[in-house]
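A.B. asks: Structure incoming, see below.
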Amino acid sequence: MLDHEERFLFREEILNLGTALAEPGQLDNVEDLLAEVTTSPRFDSDVFTLERSLQVMLGGRAGSTLVGLLTIGREVFEEIGDIGLASETQERLVSWRARFGLAIDNALNFLNNPDGIQGHNFGTQVSHGEGGTALQGRLTLVRYNNEPQFFIADADVLLTMAADMMERLGEHLEPEMIDAELVTRLHEAVDLVERRTKARG
């Protein structure tokens with residue numbers, strides 16, 4: 001169950017989601033997206049794009065809230081009945097949880113399992129274009145089925161992603177989850193970025 005502060009935050013996020021879903025045609029648009037993603041032959045990989053697509057459709061906060069709402073425990077989900085959402089919105093949320101929630105939760109849990117990614121490799125390269133040169137990174141992820149996936153992006157995009165991951169994971173870390181050596185590596189990496197990007201006097 002939620003404590004007083006958690007209940008307040010939960011209410012605020014659900015009301016924000018309700019406002020986003022109240023836009024004309026939005027309930028149908030979201031339902032079509034959920035149906036399309038969960039019936040895709042590549043649902044195991046497409047599920048990672050679901051939250052991003054919902055964020056584009058509903059707004060950043062509301063998109064994330066909806067994914068969380070469809071996969072949280074039943075006792076927490078049932079508290080939305082006391083928040084005062086429009087009846088049609090609440091009925092759709094109940095329907096979506098029953099129809100899509102388990103499939104989304106299972107897919108996320110499967111890919112979040114350490115066995116989902118068997119390994120990775122990372123390299124750098126310099127891209128030459130009309131705008132000049134740009135430092136890029138090339139990330140290779142080897143998935144559970146030994147199928148490699150490649151991602152190439154500019155340095156600022158990858159570093160933003162790294163910062164996002166550290167912030168989001170850091171909110172939930174416990175002392176036993178990562179070892180001291182990894183924490184040291186993270187400190188050293190941040191120090192290196194600061195030294196390399198510091199303006200020279």
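Labeling convention for the structure tokens: chains A, B, ... as they appear, residues from 1 per chain, ligands from 1 in order of appearance.
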As a ChimeraX atom specification, list the residues of chain A assigned to helix (DSSP H, G or I) by DSSP on the backbone atoms of this structure.
C.D. replies: /A:4-21,26-38,43-58,60-71,74-82,87-112,114-116,155-170,180-197
A.B. asks: Near A:Glu31, within 10 Å and counting only C-alpha atoms, which residues show up once chain neighbours fewer than 2 positions away are dropped, as a CSV table (one decimal) with C-alpha atoms, in the first residue's frame?
C.D. replies:
```csv
chain,number,residue,atom,x,y,z
A,26,GLN,CA,-6.5,9.9,-27.5
A,27,LEU,CA,-8.0,6.9,-25.8
A,28,ASP,CA,-8.5,5.2,-29.1
A,29,ASN,CA,-5.0,6.2,-30.3
A,33,LEU,CA,-0.8,1.5,-30.1
A,34,LEU,CA,-0.9,-0.9,-27.3
A,35,ALA,CA,-2.7,-3.5,-29.5
A,36,GLU,CA,-0.1,-3.0,-32.3
A,92,ARG,CA,-10.2,2.0,-20.4
A,93,LEU,CA,-7.3,1.8,-17.9
A,95,SER,CA,-9.5,-2.8,-19.7
A,96,TRP,CA,-5.9,-2.0,-20.8
A,100,PHE,CA,-2.1,-5.7,-22.1
```
A.B. asks: So the first atom is atom CA of A:Phe150 and the second is atom CA of A:Arg195; what is the distance between them in Å, to one decimal place?
C.D. replies: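 Calculated distance between atom CA of A:Phe150 and atom CA of A:Arg195 is 28.8 Å.
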A.B. asks: Which distance in Å separates atom CA of A:Asn106 and atom CA of A:Ile80, to one decimal?
C.D. replies: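 Computing it gives 22.5 Å between the two atoms.
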A.B. asks: Report, in Å to a single decimal, how far apart atom CA of A:His172 and atom CA of A:Gly123 are.
C.D. replies: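 Result for atom CA of A:Gly123 versus atom CA of A:His172: 28.9 Å, one decimal.
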A.B. asks: Could you pull out the strand (DSSP E) residues of chain A, going by DSSP on the backbone, and write them as a PyMOL selection string?
C.D. replies: chain A and resi 117-129+132-143+148-154
